[in-house]
>>> print(open('target16.txt').read())   # compact mmCIF, C-alpha atoms
# COMPACT_ATOMS: atom_id res chain seq x y z
CA MET A 11 4.58 48.32 26.64
CA ALA A 12 3.78 50.20 29.84
CA ALA A 13 0.05 50.03 29.15
CA MET A 14 0.12 46.23 29.46
CA HIS A 15 -1.41 45.26 32.79
CA SER A 16 -3.35 42.47 34.52
CA ARG A 17 -7.05 42.89 35.21
CA GLY A 18 -8.73 39.72 36.50
CA ALA A 19 -6.39 37.25 34.80
CA GLU A 20 -8.06 33.86 34.25
CA ARG A 21 -6.83 30.33 33.62
CA LEU A 22 -6.33 29.15 30.07
CA LEU A 23 -9.66 27.83 28.93
CA GLY A 24 -10.02 24.33 27.50
CA VAL A 25 -6.29 23.54 27.71
CA ALA A 26 -5.61 20.31 29.56
CA GLY A 27 -2.64 20.04 31.92
CA SER A 28 0.06 22.71 31.95
CA PRO A 29 0.27 24.39 28.55
CA HIS A 30 3.68 24.91 26.98
CA LEU A 31 4.03 28.21 25.15
CA LEU A 32 6.81 29.66 23.02
CA LEU A 33 7.15 33.44 23.36
CA VAL A 34 9.18 35.09 20.56
CA GLU A 35 9.96 38.61 21.78
CA ASP A 36 13.23 40.53 21.46
CA ASP A 37 12.31 43.26 23.99
CA PRO A 38 13.32 41.98 27.48
CA GLY A 39 10.82 44.27 29.21
CA ASP A 40 7.89 43.13 27.10
CA ALA A 41 8.94 39.50 27.48
CA PHE A 42 9.10 39.87 31.28
CA LEU A 43 5.63 41.46 31.44
CA PHE A 44 4.15 38.71 29.25
CA GLU A 45 5.62 36.05 31.52
CA GLU A 46 4.25 37.81 34.59
CA LEU A 47 0.74 37.98 33.13
CA LEU A 48 0.78 34.34 32.06
CA THR A 49 2.21 32.88 35.28
CA GLU A 50 -0.31 34.90 37.29
CA ALA A 51 -3.11 33.43 35.18
CA GLN A 52 -1.77 29.86 35.42
CA PRO A 53 1.14 29.27 37.84
CA GLY A 54 2.09 25.91 36.33
CA ILE A 55 2.39 27.21 32.79
CA ARG A 56 5.62 26.49 30.89
CA ILE A 57 7.07 29.33 28.83
CA THR A 58 10.06 29.15 26.51
CA VAL A 59 11.39 32.55 25.44
CA ALA A 60 13.22 33.20 22.16
CA THR A 61 14.58 36.59 21.18
CA THR A 62 15.09 35.90 17.48
CA LEU A 63 13.32 33.94 14.78
CA ARG A 64 16.29 31.56 14.54
CA GLU A 65 16.09 30.81 18.27
CA ALA A 66 12.33 30.28 17.92
CA LEU A 67 12.67 27.80 15.06
CA ASP A 68 15.31 25.87 17.02
CA ALA A 69 13.03 25.81 20.08
CA LEU A 70 9.94 24.49 18.30
CA ARG A 71 8.88 21.13 19.73
CA PRO A 72 5.73 19.00 19.22
CA GLU A 73 4.67 19.64 22.83
CA ILE A 74 4.46 23.42 22.29
CA GLN A 75 0.78 24.30 21.95
CA CYS A 76 0.99 27.95 21.02
CA VAL A 77 3.62 30.31 19.63
CA ILE A 78 3.28 34.00 20.52
CA VAL A 79 5.42 35.86 18.03
CA ASP A 80 6.30 39.53 17.74
CA LEU A 81 6.21 40.60 14.10
CA SER A 82 9.17 42.97 14.63
CA LEU A 83 12.23 40.81 15.25
CA PRO A 84 15.92 41.49 14.53
CA ASP A 85 16.13 38.73 11.93
CA ALA A 86 12.58 38.91 10.49
CA ASP A 87 10.20 41.65 9.56
CA GLY A 88 6.50 41.77 8.79
CA LEU A 89 4.87 38.44 8.04
CA ASP A 90 8.13 36.61 7.37
CA ALA A 91 8.31 35.37 10.97
CA LEU A 92 4.75 34.06 10.81
CA HIS A 93 5.35 32.25 7.52
CA GLN A 94 8.44 30.53 8.82
CA VAL A 95 6.84 29.47 12.12
CA ARG A 96 3.82 28.10 10.25
CA SER A 97 6.11 26.29 7.83
CA HIS A 98 8.07 24.62 10.65
CA ALA A 99 5.04 23.90 12.89
CA PRO A 100 1.91 23.78 10.70
CA THR A 101 -0.28 22.19 13.41
CA THR A 102 0.70 24.61 16.22
CA ALA A 103 -1.45 27.62 17.12
CA VAL A 104 0.18 30.99 16.38
CA LEU A 105 -0.72 34.29 18.01
CA VAL A 106 1.00 37.42 16.63
CA LEU A 107 1.87 40.65 18.43
CA THR A 108 1.80 44.06 16.82
CA GLY A 109 2.25 47.65 17.87
CA LEU A 110 -0.46 50.33 17.65
CA ALA A 111 0.90 51.58 14.34
CA ASP A 112 0.88 48.07 12.83
CA ALA A 113 -2.57 46.85 13.81
CA HIS A 114 -3.43 46.37 10.14
CA VAL A 115 -0.55 43.88 9.89
CA GLY A 116 -2.34 41.75 12.50
CA VAL A 117 -5.35 41.45 10.22
CA GLU A 118 -3.06 40.41 7.38
CA ALA A 119 -1.43 37.86 9.69
CA VAL A 120 -4.77 36.21 10.47
CA ALA A 121 -5.46 36.03 6.74
CA ALA A 122 -2.02 34.40 6.33
CA GLY A 123 -2.71 31.64 8.87
CA ALA A 124 -2.38 33.06 12.39
CA GLN A 125 -5.20 32.17 14.78
CA ASP A 126 -5.42 35.70 16.21
CA TYR A 127 -3.42 38.91 16.81
CA LEU A 128 -2.97 41.21 19.79
CA VAL A 129 -1.89 44.85 19.99
CA LYS A 130 0.74 44.99 22.71
CA GLN A 131 -0.48 48.23 24.23
CA ASP A 132 -4.01 46.83 24.72
CA VAL A 133 -3.15 43.50 26.31
CA ASP A 134 -4.14 42.56 29.87
CA GLY A 135 -4.05 39.19 31.61
CA ALA A 136 -7.63 38.17 30.87
CA LEU A 137 -7.41 39.14 27.21
CA LEU A 138 -4.08 37.35 26.79
CA THR A 139 -5.17 34.06 28.38
CA ARG A 140 -8.45 34.02 26.47
CA ALA A 141 -6.66 34.77 23.19
CA ILE A 142 -4.20 31.90 23.78
CA SER A 143 -6.98 29.47 24.72
CA TYR A 144 -9.07 30.38 21.71
CA ALA A 145 -6.03 30.22 19.40
CA ILE A 146 -5.24 26.69 20.59
CA GLU A 147 -8.85 25.53 20.24
CA ARG A 148 -9.23 27.21 16.85
CA GLN A 149 -6.07 25.47 15.61
CA ARG A 150 -7.41 22.14 16.87
CA ALA A 151 -10.68 22.75 15.06
CA ASP A 152 -8.85 23.76 11.87
CA GLU A 153 -6.67 20.64 12.05
CA SER A 154 -9.70 18.39 12.65
CA GLU A 155 -11.46 19.96 9.68
CA ARG A 156 -8.36 19.51 7.52
CA GLN A 157 -8.10 15.85 8.48
CA LEU A 158 -11.80 15.37 7.80
CA VAL A 159 -11.47 16.97 4.35
CA GLU A 160 -8.46 14.76 3.58
CA ALA A 161 -10.30 11.66 4.81
CA ARG A 162 -13.30 12.47 2.64
CA ALA A 163 -11.10 13.09 -0.39
CA LEU A 164 -9.28 9.80 0.22
CA SER A 165 -12.59 8.01 0.66
CA ARG A 166 -13.90 9.43 -2.64
CA GLU A 167 -10.68 8.45 -4.39
CA ASN A 168 -10.84 4.92 -2.98
CA ALA A 169 -14.48 4.69 -4.04
CA ARG A 170 -13.56 5.71 -7.59
CA LEU A 171 -10.77 3.15 -7.65
CA GLU A 172 -12.98 0.37 -6.30
CA ARG A 173 -15.85 1.29 -8.61
CA GLY A 174 -13.47 1.09 -11.56
CA LEU A 175 -12.50 -2.45 -10.49
CA LEU A 176 -16.08 -3.73 -10.45
CA PRO A 177 -16.94 -5.84 -13.52
CA VAL A 178 -18.74 -4.54 -16.59
CA PRO A 179 -20.10 -7.59 -18.46
CA ILE A 180 -19.11 -8.15 -22.08
CA LEU A 181 -22.42 -9.35 -23.45
CA HIS A 182 -23.81 -8.70 -26.93
CA ASP A 183 -26.69 -11.19 -27.17
CA ALA A 184 -29.90 -9.20 -26.79
CA ALA A 185 -31.79 -12.41 -26.04
CA LEU A 186 -29.95 -12.77 -22.73
CA ARG A 187 -30.77 -10.71 -19.64
CA HIS A 188 -28.04 -10.08 -17.10
CA HIS A 189 -28.68 -8.96 -13.51
CA ALA A 190 -26.19 -8.80 -10.65
CA ARG A 191 -25.88 -7.63 -7.09
CA TYR A 192 -22.63 -7.12 -5.21
CA ARG A 193 -22.23 -6.14 -1.59
CA PRO A 194 -19.05 -6.39 0.52
CA GLY A 195 -19.26 -7.38 4.16
CA ARG A 196 -16.79 -4.64 5.21
CA ASP A 197 -18.20 -1.31 6.36
CA ARG A 198 -17.71 1.64 3.98
CA ALA A 199 -16.22 -0.57 1.26
CA LEU A 200 -17.24 -1.20 -2.33
CA LEU A 201 -15.16 -4.35 -2.85
CA GLY A 202 -15.08 -7.62 -0.97
CA GLY A 203 -13.44 -10.99 -1.52
CA ASP A 204 -16.33 -12.16 -3.71
CA PHE A 205 -16.18 -11.62 -7.47
CA HIS A 206 -18.18 -12.32 -10.61
CA ASP A 207 -17.89 -11.65 -14.33
CA THR A 208 -19.57 -12.39 -17.66
CA VAL A 209 -17.87 -12.48 -21.05
CA GLU A 210 -19.28 -13.32 -24.50
CA THR A 211 -16.50 -14.41 -26.85
CA GLY A 212 -16.28 -14.15 -30.61
CA ASP A 213 -17.55 -17.72 -31.16
CA GLY A 214 -20.87 -16.80 -29.52
CA ALA A 215 -20.28 -18.68 -26.27
CA VAL A 216 -21.03 -16.90 -23.00
CA HIS A 217 -18.68 -17.49 -20.08
CA VAL A 218 -19.76 -16.79 -16.49
CA ILE A 219 -17.84 -16.98 -13.23
CA ILE A 220 -18.59 -16.32 -9.58
CA GLY A 221 -16.02 -16.80 -6.83
CA ASP A 222 -15.27 -16.26 -3.16
CA VAL A 223 -11.82 -15.67 -1.66
CA SER A 224 -11.58 -16.92 1.93
CA GLY A 225 -11.60 -14.00 4.38
CA HIS A 226 -13.21 -10.57 4.38
CA GLY A 227 -10.55 -7.84 4.34
CA ALA A 228 -8.98 -5.48 1.85
CA ASP A 229 -6.31 -8.05 0.94
CA GLU A 230 -9.03 -10.56 0.03
CA ALA A 231 -10.80 -7.92 -2.05
CA SER A 232 -7.56 -7.20 -3.93
CA LEU A 233 -6.97 -10.91 -4.56
CA GLY A 234 -10.54 -11.33 -5.80
CA VAL A 235 -10.03 -8.54 -8.33
CA ARG A 236 -6.78 -10.09 -9.56
CA LEU A 237 -8.40 -13.50 -10.01
CA ARG A 238 -11.37 -12.01 -11.86
CA MET A 239 -9.14 -10.03 -14.20
CA ALA A 240 -6.95 -13.08 -14.79
CA TRP A 241 -10.07 -15.12 -15.63
CA ARG A 242 -11.34 -12.49 -18.06
CA THR A 243 -7.96 -12.25 -19.78
CA LEU A 244 -7.71 -16.02 -20.13
CA VAL A 245 -11.26 -16.33 -21.49
CA LEU A 246 -10.66 -13.60 -24.06
CA ALA A 247 -7.46 -15.43 -25.05
CA GLY A 248 -9.51 -18.57 -25.76
CA HIS A 249 -8.84 -20.64 -22.62
CA THR A 250 -11.67 -22.65 -21.07
CA GLY A 251 -12.31 -25.63 -18.80
CA PRO A 252 -9.63 -27.44 -16.79
CA ARG A 253 -6.74 -25.59 -18.43
CA LEU A 254 -8.25 -22.27 -17.34
CA LEU A 255 -8.81 -23.57 -13.78
CA ASP A 256 -5.23 -24.85 -13.58
CA THR A 257 -3.96 -21.40 -14.55
CA LEU A 258 -6.22 -19.64 -12.03
CA ASP A 259 -5.00 -22.05 -9.35
CA ALA A 260 -1.41 -21.12 -10.23
CA VAL A 261 -2.28 -17.39 -10.12
CA LEU A 262 -3.85 -17.83 -6.69
CA GLN A 263 -0.84 -19.67 -5.31
CA HIS A 264 1.53 -16.97 -6.58
CA GLU A 265 -0.60 -14.02 -5.44
CA ARG A 266 -1.83 -15.16 -2.02
CA TRP A 267 0.04 -14.11 1.13
CA ALA A 268 -0.52 -17.33 3.11
CA GLU A 269 -0.87 -20.98 2.16
CA GLU A 270 -4.23 -21.30 3.93
CA ILE A 271 -5.90 -18.80 1.56
CA PHE A 272 -8.23 -20.56 -0.87
CA THR A 273 -10.93 -19.59 -3.34
CA THR A 274 -14.19 -21.29 -4.25
CA LEU A 275 -15.71 -20.65 -7.65
CA CYS A 276 -18.33 -21.78 -10.12
CA MET A 277 -17.65 -21.36 -13.82
CA LEU A 278 -20.08 -21.86 -16.74
CA THR A 279 -19.73 -21.81 -20.50
CA ILE A 280 -23.09 -21.45 -22.28
CA SER A 281 -23.19 -22.72 -25.84
CA PRO A 282 -23.79 -20.36 -28.77
CA ASP A 283 -27.29 -21.84 -29.29
CA ARG A 284 -28.05 -21.08 -25.59
CA ARG A 285 -29.56 -24.54 -25.02
CA ALA A 286 -26.70 -26.15 -23.11
CA ALA A 287 -23.95 -25.25 -20.63
CA ARG A 288 -20.82 -26.84 -19.25
CA MET A 289 -20.16 -26.14 -15.58
CA TYR A 290 -17.11 -26.49 -13.34
CA ARG A 291 -17.37 -26.11 -9.59
CA ALA A 292 -14.42 -25.72 -7.26
CA GLY A 293 -15.83 -26.04 -3.75
CA HIS A 294 -18.60 -23.55 -4.53
CA PRO A 295 -22.34 -23.81 -3.78
CA PRO A 296 -24.38 -25.15 -6.73
CA PRO A 297 -26.32 -22.61 -8.85
CA LEU A 298 -30.09 -22.64 -9.13
CA ILE A 299 -31.74 -23.27 -12.48
CA PHE A 300 -35.15 -21.75 -13.23
CA ARG A 301 -37.39 -23.28 -15.85
CA PRO A 302 -41.05 -22.62 -16.64
CA GLY A 303 -41.95 -25.65 -14.52
CA GLY A 304 -40.05 -24.66 -11.36
CA VAL A 305 -36.76 -24.12 -9.61
CA ALA A 306 -34.05 -26.59 -8.59
CA ALA A 307 -30.37 -26.66 -7.62
CA VAL A 308 -28.09 -28.15 -10.24
CA PRO A 309 -26.71 -31.61 -9.29
CA ASP A 310 -24.11 -31.50 -6.53
CA GLU A 311 -21.79 -33.86 -8.39
CA PRO A 312 -19.42 -33.89 -10.10
CA ARG A 313 -17.35 -31.13 -8.53
CA GLY A 314 -13.81 -30.46 -7.36
CA PRO A 315 -12.18 -28.81 -4.33
CA ALA A 316 -11.56 -25.10 -3.93
CA LEU A 317 -8.57 -23.54 -5.65
CA GLY A 318 -5.39 -23.44 -3.59
CA LEU A 319 -6.02 -26.58 -1.52
CA ILE A 320 -4.74 -29.63 -3.39
CA PRO A 321 -1.86 -29.47 -5.89
CA GLY A 322 -2.50 -31.20 -9.21
CA VAL A 323 -6.21 -31.80 -8.57
CA GLU A 324 -8.71 -32.22 -11.41
CA TRP A 325 -12.00 -30.39 -11.73
CA PRO A 326 -14.63 -32.48 -13.55
CA ALA A 327 -17.27 -30.91 -15.80
CA LEU A 328 -21.05 -31.16 -15.52
CA ASP A 329 -23.06 -30.72 -18.72
CA LEU A 330 -26.45 -29.06 -18.32
CA ASP A 331 -29.40 -29.21 -20.71
CA LEU A 332 -30.95 -25.76 -20.48
CA GLY A 333 -33.74 -25.94 -23.02
CA GLU A 334 -35.42 -22.99 -24.68
CA SER A 335 -36.37 -20.89 -21.65
CA TRP A 336 -34.20 -20.80 -18.54
CA ALA A 337 -32.39 -18.76 -15.92
CA LEU A 338 -29.28 -19.52 -13.92
CA LEU A 339 -28.73 -17.99 -10.49
CA LEU A 340 -25.11 -18.02 -9.29
CA TYR A 341 -24.35 -16.75 -5.79
CA THR A 342 -21.73 -16.80 -3.04
CA ASP A 343 -22.30 -18.40 0.34
CA GLY A 344 -23.00 -15.01 1.93
CA LEU A 345 -26.58 -15.47 0.65
CA ILE A 346 -27.19 -18.82 2.36
CA GLU A 347 -25.17 -18.59 5.56
CA GLY A 348 -27.62 -16.34 7.39
CA HIS A 349 -30.03 -17.85 9.90
CA ASP A 350 -33.67 -18.67 9.21
CA GLY A 351 -34.91 -19.19 12.79
CA ASP A 352 -34.16 -22.91 13.01
CA GLY A 353 -30.58 -22.87 11.74
CA TYR A 354 -28.84 -21.67 8.61
CA LEU A 355 -30.84 -20.84 5.50
CA ASP A 356 -28.59 -23.14 3.45
CA LEU A 357 -29.23 -24.37 -0.09
CA SER A 358 -32.59 -26.00 0.63
CA GLY A 359 -33.90 -22.80 2.18
CA LEU A 360 -32.74 -20.75 -0.81
CA VAL A 361 -34.50 -23.15 -3.21
CA GLU A 362 -37.69 -22.77 -1.21
CA LEU A 363 -37.46 -18.96 -1.28
CA ALA A 364 -36.70 -19.00 -5.01
CA GLU A 365 -39.63 -21.34 -5.77
CA HIS A 366 -42.01 -19.04 -3.92
CA ALA A 367 -40.67 -15.88 -5.59
CA HIS A 368 -40.69 -17.48 -9.05
CA GLY A 369 -44.23 -18.75 -8.51
CA GLU A 370 -45.33 -15.20 -7.71
CA GLY A 371 -43.92 -14.00 -11.03
CA GLN A 372 -40.79 -12.27 -9.73
CA ARG A 373 -38.14 -11.89 -12.41
CA GLY A 374 -34.80 -10.14 -12.93
CA ASP A 375 -33.83 -7.44 -10.45
CA VAL A 376 -37.05 -7.90 -8.49
CA LEU A 377 -36.25 -11.58 -8.02
CA ILE A 378 -32.66 -10.97 -6.82
CA ASP A 379 -33.57 -8.11 -4.49
CA GLY A 380 -36.49 -10.12 -3.11
CA LEU A 381 -34.29 -13.13 -2.33
CA ILE A 382 -31.70 -10.98 -0.55
CA ALA A 383 -34.38 -9.10 1.39
CA GLU A 384 -36.09 -12.32 2.47
CA ALA A 385 -32.77 -13.88 3.54
CA GLU A 386 -32.10 -10.78 5.66
CA ARG A 387 -35.60 -10.87 7.14
CA LEU A 388 -35.12 -14.47 8.23
CA ASN A 389 -31.65 -13.64 9.55
CA GLY A 390 -33.04 -10.78 11.59
CA ASP A 391 -30.36 -8.41 10.35
CA VAL A 392 -28.26 -7.59 7.29
CA LEU A 393 -26.12 -10.44 5.99
CA SER A 394 -22.63 -9.94 7.40
CA ASP A 395 -20.59 -11.84 4.81
CA ASP A 396 -19.54 -10.62 1.37
CA LEU A 397 -22.35 -11.22 -1.11
CA ALA A 398 -22.44 -11.62 -4.88
CA VAL A 399 -25.45 -12.76 -6.91
CA LEU A 400 -25.60 -13.12 -10.70
CA LEU A 401 -28.73 -13.99 -12.67
CA LEU A 402 -28.50 -14.80 -16.40
CA SER A 403 -31.73 -15.67 -18.16
CA ARG A 404 -33.24 -16.42 -21.56
CA GLY A 405 -36.93 -16.41 -22.42
CA ASP A 406 -39.31 -16.46 -19.45
CA GLY A 407 -37.00 -18.45 -17.19
CA ALA A 408 -36.55 -15.62 -14.72
>>> encode(input="target16.txt", output="structure tokens")
Amino acid sequence: MAAMHSRGAERLLGVAGSPHLLLVEDDPGDAFLFEELLTEAQPGIRITVATTLREALDALRPEIQCVIVDLSLPDADGLDALHQVRSHAPTTAVLVLTGLADAHVGVEAVAAGAQDYLVKQDVDGALLTRAISYAIERQRADESERQLVEARALSRENARLERGLLPVPILHDAALRHHARYRPGRDRALLGGDFHDTVETGDGAVHVIIGDVSGHGADEASLGVRLRMAWRTLVLAGHTGPRLLDTLDAVLQHERWAEEIFTTLCMLTISPDRRAARMYRAGHPPPLIFRPGGVAAVPDEPRGPALGLIPGVEWPALDLDLGESWALLLYTDGLIEGHDGDGYLDLSGLVELAEHAHGEGQRGDVLIDGLIAEAERLNGDVLSDDLAVLLLSRGDGA
């Protein structure tokens, strides 16, 4: 390697602190010249020298930023040394050394995962330090890209999982129109602690639920899904009313991770003739009922406390006379807890917005989206809490 020399050696570019390099070279003369070139370029540089592949693998440490490996070693030949170094240190930059007669092997090495290759006889100090710097930065860029690809794949997988957990209503009555909006408060999430569902059973009754698990994280979202699926299973098995609520309360108490976790919900069973409904509320805001003559909140009483708060509590029923044409708007408190300039929007503010929208002829999706948009306009920003809205209507109610 007599042709190796130093011409204007420069410091390692873009490498913070004192880099730690592993030089794998069995020729003592070549190893000495490499060390001379590198220490001249950066006096504080740390160099560990290994003369065999086995020594190199034993010397690999997380703090080593670049491995410079000769492809002609006593215990490895060709690309075997590269493959083993990459296998043992997949996030470390690797620079391979070849002779003049094996320059083509360097190209193959880059294709096999090395960041770059150098022909020993052509190396000087400036070329060597630049090659090491670029190898380290290229490995960092490759690792960042790999992590980004993995994060995107994980995000897509999580989105598919969450999307599969969102409810698909079981509704066969063509006379009923079903509209829903669901938006979690967490950034980059599809599920929150709120939940809703609609199921039409074989007797013609339509069962509707909307609920809100206290809190806003992934655990709350998971608990909300479990409660919704438990509710759907129980409804399909023929359970309704207080017995169903007692079972959901038991599910919540078994599934929650802390005793202070509770869940509010509103549950309705609409009769097969669609003219009446029985409602149970467990600490949840009252729905709105739309009729041709206007909009009003359903009576605040009777109602019971949220699930998970009081053992052995009873949840009384409220019977509603719906009439021929109606719409029911069920929602979680994320819709009414934004500000309106003077305080919180609250139930009275929502009724006012709904009356105005209904009077202007807004129906279905337009009505829901308009209410959410107006609540956000009054709040001055997007609503930060989880949000679920469900609108079920018959005739020209909404």
>>> atom_distance(input="target16.txt", atom1="atom CA of A:Ser403", atom2="atom CA of A:Arg373")
9.4 Å
>>> residues_around(input="target16.txt", residues="stretch 298-307 of chain A", least_positions_apart="3", cutoff="6 Å", atoms="only C-alpha atoms", output="list in words")
Trp336, Ala337, Leu338, Leu339, Glu365 and Gly407 of chain A
>>> residues_around(input="target16.txt", residues="A:Leu233", least_positions_apart="2", cutoff="12 Å", atoms="only C-alpha atoms", output="compact mmCIF listing (two decimals) with C-alpha atoms, in the frame of the given file")
# COMPACT_ATOMS: atom_id res chain seq x y z
CA LEU A 175 -12.50 -2.45 -10.49
CA LEU A 201 -15.16 -4.35 -2.85
CA GLY A 202 -15.08 -7.62 -0.97
CA GLY A 203 -13.44 -10.99 -1.52
CA ASP A 204 -16.33 -12.16 -3.71
CA PHE A 205 -16.18 -11.62 -7.47
CA GLY A 221 -16.02 -16.80 -6.83
CA ASP A 222 -15.27 -16.26 -3.16
CA VAL A 223 -11.82 -15.67 -1.66
CA SER A 224 -11.58 -16.92 1.93
CA GLY A 225 -11.60 -14.00 4.38
CA HIS A 226 -13.21 -10.57 4.38
CA GLY A 227 -10.55 -7.84 4.34
CA ALA A 228 -8.98 -5.48 1.85
CA ASP A 229 -6.31 -8.05 0.94
CA GLU A 230 -9.03 -10.56 0.03
CA ALA A 231 -10.80 -7.92 -2.05
CA VAL A 235 -10.03 -8.54 -8.33
CA ARG A 236 -6.78 -10.09 -9.56
CA LEU A 237 -8.40 -13.50 -10.01
CA ARG A 238 -11.37 -12.01 -11.86
CA MET A 239 -9.14 -10.03 -14.20
CA ALA A 240 -6.95 -13.08 -14.79
CA LEU A 258 -6.22 -19.64 -12.03
CA VAL A 261 -2.28 -17.39 -10.12
CA LEU A 262 -3.85 -17.83 -6.69
CA GLN A 263 -0.84 -19.67 -5.31
CA HIS A 264 1.53 -16.97 -6.58
CA GLU A 265 -0.60 -14.02 -5.44
CA ARG A 266 -1.83 -15.16 -2.02
CA TRP A 267 0.04 -14.11 1.13
CA ALA A 268 -0.52 -17.33 3.11
CA ILE A 271 -5.90 -18.80 1.56
CA PHE A 272 -8.23 -20.56 -0.87
CA THR A 273 -10.93 -19.59 -3.34
>>> residues_around(input="target16.txt", residues="stretch 377-382 of chain A", least_positions_apart="2", cutoff="7 Å", atoms="only C-alpha atoms", output="ChimeraX atom specification")
/A:345,363-364,367,372-375,384-386
>>> axis_aligned_box(input="target16.txt", around="stretch 81-92 of chain A", padding_each_side="5 Å", output="lines of an AutoDock Vina configuration file")
center_x = 10.4
center_y = 38.5
center_z = 11.3
size_x = 21.4
size_y = 18.9
size_z = 17.9
>>> residues_around(input="target16.txt", residues="A:Tyr127", least_positions_apart="5", cutoff="12 Å", atoms="only C-alpha atoms", output="PyMOL selection string")
chain A and resi 77-81+92+103-110+112-122+132-133+137-138+140-142+144-145
>>> residues_around(input="target16.txt", residues="A:Val399", least_positions_apart="6", cutoff="7 Å", atoms="all atoms listed in the file", output="list in words")
Ala190, Arg191, Tyr192, Leu340, Tyr341 and Thr342 of chain A
>>> write_last_selection(input="target16.txt", atoms="C-alpha atoms", output="CSV table (one decimal), in the frame of the given file")
chain,number,residue,atom,x,y,z
A,190,ALA,CA,-26.2,-8.8,-10.6
A,191,ARG,CA,-25.9,-7.6,-7.1
A,192,TYR,CA,-22.6,-7.1,-5.2
A,340,LEU,CA,-25.1,-18.0,-9.3
A,341,TYR,CA,-24.4,-16.8,-5.8
A,342,THR,CA,-21.7,-16.8,-3.0
>>> atom_distance(input="target16.txt", atom1="atom CA of A:Glu147", atom2="atom CA of A:Asp37")
27.9 Å
>>> atom_distance(input="target16.txt", atom1="atom CA of A:Pro53", atom2="atom CA of A:Thr139")
12.3 Å
>>> closest_residue(input="target16.txt", among="A:Leu357, A:Val376, A:Arg285, A:Arg242", to="A:His206", atoms="all atoms listed in the file")
A:Arg242
>>> closest_residue(input="target16.txt", among="A:Leu186, A:Val308, A:Thr208, A:Val361", to="A:Ser335", atoms="only C-alpha atoms")
A:Leu186
>>> closest_residue(input="target16.txt", among="A:Val178, A:Ala316, A:Val34, A:Leu332", to="A:Glu270", atoms="all atoms listed in the file")
A:Ala316
>>> build_atoms(input="target16.txt", residues="stretch 112-116 of chain A", atoms="all heavy atoms", output="tab-separated table (two decimals), in the frame of the given file")
chain	number	residue	atom	x	y	z
A	112	ASP	N	0.88	49.20	13.78
A	112	ASP	CA	0.88	48.07	12.83
A	112	ASP	C	-0.31	47.15	13.02
A	112	ASP	O	-0.26	45.96	12.69
A	112	ASP	CB	2.17	47.25	13.01
A	112	ASP	CG	3.42	48.07	12.73
A	112	ASP	OD1	3.38	48.85	11.77
A	112	ASP	OD2	4.41	47.90	13.46
A	113	ALA	N	-1.40	47.70	13.56
A	113	ALA	CA	-2.57	46.85	13.81
A	113	ALA	C	-3.08	46.22	12.52
A	113	ALA	O	-3.57	45.08	12.52
A	113	ALA	CB	-3.69	47.66	14.47
A	114	HIS	N	-2.96	46.92	11.42
A	114	HIS	CA	-3.43	46.37	10.14
A	114	HIS	C	-2.64	45.13	9.74
A	114	HIS	O	-3.15	44.25	9.04
A	114	HIS	CB	-3.30	47.44	9.04
A	114	HIS	CG	-1.89	47.82	8.72
A	114	HIS	ND1	-1.12	48.65	9.54
A	114	HIS	CD2	-1.07	47.46	7.69
A	114	HIS	CE1	0.07	48.80	9.01
A	114	HIS	NE2	0.14	48.08	7.89
A	115	VAL	N	-1.37	45.06	10.20
A	115	VAL	CA	-0.55	43.88	9.89
A	115	VAL	C	-1.12	42.66	10.60
A	115	VAL	O	-1.05	41.53	10.10
A	115	VAL	CB	0.91	44.12	10.30
A	115	VAL	CG1	1.76	42.89	10.01
A	115	VAL	CG2	1.46	45.34	9.57
A	116	GLY	N	-1.71	42.86	11.78
A	116	GLY	CA	-2.34	41.75	12.50
A	116	GLY	C	-3.46	41.13	11.70
A	116	GLY	O	-3.61	39.89	11.66
